[in-house]
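See below for coords-v2.pdb, which holds PDB, C-alpha atoms and all ligand atoms.
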ATOM      1  CA  MET A  15      10.971   1.706   6.537
ATOM      2  CA  LEU A  16       9.740   1.050   3.033
ATOM      3  CA  TYR A  17       6.233   1.525   1.740
ATOM      4  CA  CYS A  18       4.475  -0.715  -0.769
ATOM      5  CA  GLU A  19       2.172   1.427  -2.882
ATOM      6  CA  ASN A  20       0.123  -1.540  -4.050
ATOM      7  CA  CYS A  21      -0.754  -2.924  -0.640
ATOM      8  CA  ARG A  22      -0.205   0.200   1.460
ATOM      9  CA  ARG A  23       1.929  -1.778   3.878
ATOM     10  CA  LEU A  24       5.055  -0.592   5.675
ATOM     11  CA  TYR A  25       7.923  -2.991   6.076
ATOM     12  CA  LYS A  26      11.581  -3.028   7.061
ATOM     13  CA  GLU A  27      14.207  -2.322   4.463
ATOM     14  CA  ASP A  28      15.747  -5.789   4.469
ATOM     15  CA  GLN A  29      12.367  -7.462   4.024
ATOM     16  CA  VAL A  30       9.668  -7.806   1.380
ATOM     17  CA  CYS A  31       6.107  -6.535   1.515
ATOM     18  CA  PRO A  32       4.155  -8.871   3.847
ATOM     19  CA  GLU A  33       1.222  -8.779   1.457
ATOM     20  CA  CYS A  34       2.558  -9.143  -2.102
ATOM     21  CA  ARG A  35       6.026 -10.501  -1.180
ATOM     22  CA  LYS A  36       7.756  -8.026  -3.444
ATOM     23  CA  ALA A  37      10.584  -5.714  -2.540
ATOM     24  CA  LYS A  38       9.507  -2.787  -4.671
ATOM     25  CA  GLY A  39       8.733  -0.391  -1.844
ATOM     26  CA  ARG A  40       9.749   3.228  -1.789
ATOM     27  CA  ALA A  41      10.479   5.602   1.083
ATOM     28  CA  PRO A  42       7.188   6.503   2.774
ATOM     29  CA  LYS A  43       5.817  10.047   2.608
ATOM     30  CA  GLU A  44       4.102  11.849   5.465
ATOM     31  CA  ASP A  45       0.635  11.490   4.006
ATOM     32  CA  ASP A  46       0.848   7.921   2.697
ATOM     33  CA  ALA A  47      -2.010   5.816   3.995
ATOM     34  CA  CYS A  48      -0.418   2.975   5.963
ATOM     35  CA  PHE A  49      -2.119  -0.228   7.020
ATOM     36  CA  VAL A  50      -2.418  -0.617  10.795
ATOM     37  CA  PHE A  51      -5.151  -3.118  11.530
ATOM     38  CA  SER A  52      -7.749  -5.366   9.980
ATOM     39  CA  GLY A  53     -10.691  -6.966  11.714
ATOM     40  CA  GLY A  54     -14.447  -7.196  11.969
ATOM     41  CA  GLN A  55     -16.797  -4.275  12.329
ATOM     42  CA  ILE A  56     -16.911  -4.246  16.148
ATOM     43  CA  TRP A  57     -13.144  -4.244  16.544
ATOM     44  CA  THR A  58     -12.466  -1.626  13.927
ATOM     45  CA  ASP A  59     -15.298   0.527  15.340
ATOM     46  CA  MET A  60     -13.621   0.488  18.728
ATOM     47  CA  LEU A  61     -10.166   1.119  17.380
ATOM     48  CA  CYS A  62     -11.320   4.018  15.203
ATOM     49  CA  GLU A  63     -13.017   5.483  18.260
ATOM     50  CA  VAL A  64      -9.682   5.455  20.097
ATOM     51  CA  PHE A  65      -7.947   7.041  17.112
ATOM     52  CA  SER A  66     -10.569   9.808  17.110
ATOM     53  CA  GLN A  67      -9.985  10.427  20.799
ATOM     54  CA  ASN A  68      -6.278  10.806  20.076
ATOM     55  CA  ASP A  69      -6.827  13.014  17.018
ATOM     56  CA  ILE A  70      -5.268  10.495  14.690
ATOM     57  CA  PRO A  71      -6.723  10.627  11.183
ATOM     58  CA  PHE A  72      -7.687   7.269   9.728
ATOM     59  CA  ILE A  73      -9.385   5.592   6.796
ATOM     60  CA  ARG A  74     -11.490   2.482   7.250
ATOM     61  CA  GLN A  75     -12.217   0.352   4.234
ATOM     62  CA  GLY A  76     -14.184  -2.803   3.800
ATOM     63  CA  ARG A  77     -12.172  -5.482   2.104
ATOM     64  CA  LEU A  78     -15.044  -6.775   0.007
ATOM     65  CA  GLY A  79     -16.545  -3.443  -0.916
ATOM     66  CA  ALA A  80     -20.111  -2.333  -0.246
ATOM     67  CA  GLY A  81     -21.772  -4.595  -2.803
ATOM     68  CA  MET A  82     -20.170  -7.793  -1.585
ATOM     69  CA  ALA A  83     -20.801  -6.869   2.050
ATOM     70  CA  MET A  84     -24.511  -6.654   1.322
ATOM     71  CA  LEU A  85     -24.513 -10.046  -0.320
ATOM     72  CA  THR A  86     -22.616 -11.811   2.411
ATOM     73  CA  GLY A  87     -23.993  -9.924   5.409
ATOM     74  CA  LEU A  88     -22.229  -7.018   7.082
ATOM     75  CA  SER A  89     -21.048  -9.047  10.057
ATOM     76  CA  ASN A  90     -18.742 -11.046   7.788
ATOM     77  CA  GLU A  91     -17.067  -7.979   6.401
ATOM     78  CA  THR A  92     -13.427  -7.426   7.255
ATOM     79  CA  TYR A  93     -12.319  -3.836   7.536
ATOM     80  CA  GLU A  94      -8.864  -2.443   7.086
ATOM     81  CA  VAL A  95      -7.757   0.624   8.974
ATOM     82  CA  TYR A  96      -5.117   3.010   7.611
ATOM     83  CA  THR A  97      -3.439   6.080   9.053
ATOM     84  CA  PRO A  98      -1.075   8.572   7.439
ATOM     85  CA  TYR A  99       2.595   7.688   7.768
ATOM     86  CA  ALA A 100       3.153  10.816   9.860
ATOM     87  CA  ARG A 101       1.000   9.281  12.610
ATOM     88  CA  TYR A 102       1.763   5.637  11.968
ATOM     89  CA  GLU A 103       3.974   5.012  14.993
ATOM     90  CA  GLU A 104       1.443   6.490  17.361
ATOM     91  CA  ALA A 105      -1.337   4.535  15.707
ATOM     92  CA  ALA A 106       0.640   1.301  15.946
ATOM     93  CA  GLU A 107       1.230   1.856  19.663
ATOM     94  CA  ILE A 108      -2.431   2.538  20.283
ATOM     95  CA  THR A 109      -3.395  -0.545  18.296
ATOM     96  CA  GLU A 110      -1.065  -2.709  20.328
ATOM     97  CA  ALA A 111      -2.391  -1.367  23.635
ATOM     98  CA  PHE A 112      -5.916  -1.806  22.342
ATOM     99  CA  LEU A 113      -5.365  -5.428  21.373
ATOM    100  CA  ASN A 114      -3.802  -6.154  24.741
ATOM    101  CA  ALA A 115      -6.770  -4.801  26.685
ATOM    102  CA  PRO A 116      -8.679  -8.000  27.511
ATOM    103  CA  GLU A 117     -11.942  -6.427  28.602
ATOM    104  CA  ALA A 118     -12.285  -4.011  25.690
ATOM    105  CA  GLU A 119     -15.093  -5.903  24.027
ATOM    106  CA  GLU A 120     -17.140  -6.303  27.185
ATOM    107  CA  GLU A 121     -16.952  -2.698  28.215
ATOM    108  CA  TYR A 122     -17.852  -1.190  24.937
ATOM    109  CA  PRO A 123     -21.671  -1.223  24.852
ATOM    110  CA  GLU A 124     -22.068  -0.201  28.485
ATOM    111  CA  SER A 125     -19.561   2.584  28.773
ATOM    112  CA  GLU A 126     -21.211   4.585  26.045
ATOM    113  CA  ALA A 127     -24.598   4.459  27.734
ATOM    114  CA  GLU A 128     -23.076   5.341  31.076
ATOM    115  CA  MET A 129     -21.320   8.351  29.703
ATOM    116  CA  GLU A 130     -24.568   9.822  28.509
ATOM    117  CA  GLU A 131     -26.314   9.229  31.786
ATOM    118  CA  GLU A 132     -23.585  10.466  34.015
ATOM    119  CA  GLU A 133     -22.911  13.680  32.187
ATOM    120  CA  GLU A 134     -22.237  16.211  34.883
ATOM    121  CA  GLU A 135     -22.007  19.943  34.825
ATOM    122  CA  GLU A 136     -19.228  21.697  36.567
TER     123      GLU A 136
HETATM  124 ZN    ZN A 201       2.838  -5.128  -1.485
END
Go ahead and render the structure in this file as structure tokens.
Amino acid sequence: MLYCENCRRLYKEDQVCPECRKAKGRAPKEDDACFVFSGGQIWTDMLCEVFSQNDIPFIRQGRLGAGMAMLTGLSNETYEVYTPYARYEEAAEITEAFLNAPEAEEEYPESEAEMEEEEEEE
């Protein structure tokens, strides 16, 4: 794997960075922030929630920045999610499973409410 410092993307050694199309990557370090996912607020909220549950550290950044997001409306903002290289493989697996779960979006608002109501003591 190579790591593009500019775009914070990982890519295979015989390829170029998928973002800037340059082959100037270096070997990734454990704490390099690596791109895993980009999407709207709802999707990245859900994914970050799963990362938290799995103790995977992450950074979420709006692509436009706070000022632009306010001008265009938050719902249009695209967020990018990064995890340290040390946890990248795990994060990528979780992301894939997450994207393949068809009912994820439907379940989200309800399951949180249910959890609060059904809290049981043992
Ligand atoms: Zn790049």
Checklist entry - Restricting the calculation to all atoms listed in the file, which member of A:Ser52, A:Met60, A:Pro32, A:Glu19 is positioned closest to A:Ala115? => result A:Met60
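A distance cut-off of 6 Å from ligand ZN 201 (chain A), applied to all atoms listed in the file, picks out the residues Cys18, Asn20, Cys21, Cys31, Glu33 and Cys34 of chain A.
This file gives the following result for the PyMOL selection byres (((chain A and resi 40) around 8) and not hetatm): Leu16, Tyr17, Cys18, Glu19, Lys38, Gly39, Ala41 and Pro42 of chain A.
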Checklist outcome for this item: The residue from A:Tyr102, A:Tyr93, A:Tyr25, A:Phe112 with the smallest atom-to-atom distance to A:Gly53, counting all atoms listed in the file, is A:Tyr93
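Pairwise distance (atom CA of A:Gln75, atom CA of A:Leu113) equals 19.3 Å.
Between A:Tyr99 and the residues A:Asn114, A:Leu24, A:Arg77, A:Val64, the shortest atom-to-atom distance, using all atoms listed in the file, involves A:Leu24.
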Checklist entry - Quick one: which residues end up in the PyMOL selection byres (((chain A and resi 107) around 12) and not hetatm) for this structure, as an MDAnalysis selection string? => result chainID A and resid 50:51 61 64:65 68 70 101:106 108:114
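For the point (-4.4, 3.7, 6.2), the residues with at least one atom inside 9 Å, counting all atoms listed in the file, are Arg22, Arg23, Asp46, Ala47, Cys48, Phe49, Val50, Phe51, Pro71, Phe72, Ile73, Arg74, Gln75, Glu94, Val95, Tyr96, Thr97, Pro98, Tyr99 and Tyr102 of chain A.
Atom pair atom CA of A:Gly54 / atom CA of A:Gly76: separated by 9.3 Å.
We find atom CA of A:Thr92 and atom CA of A:Met15 to be spaced 26.1 Å apart.
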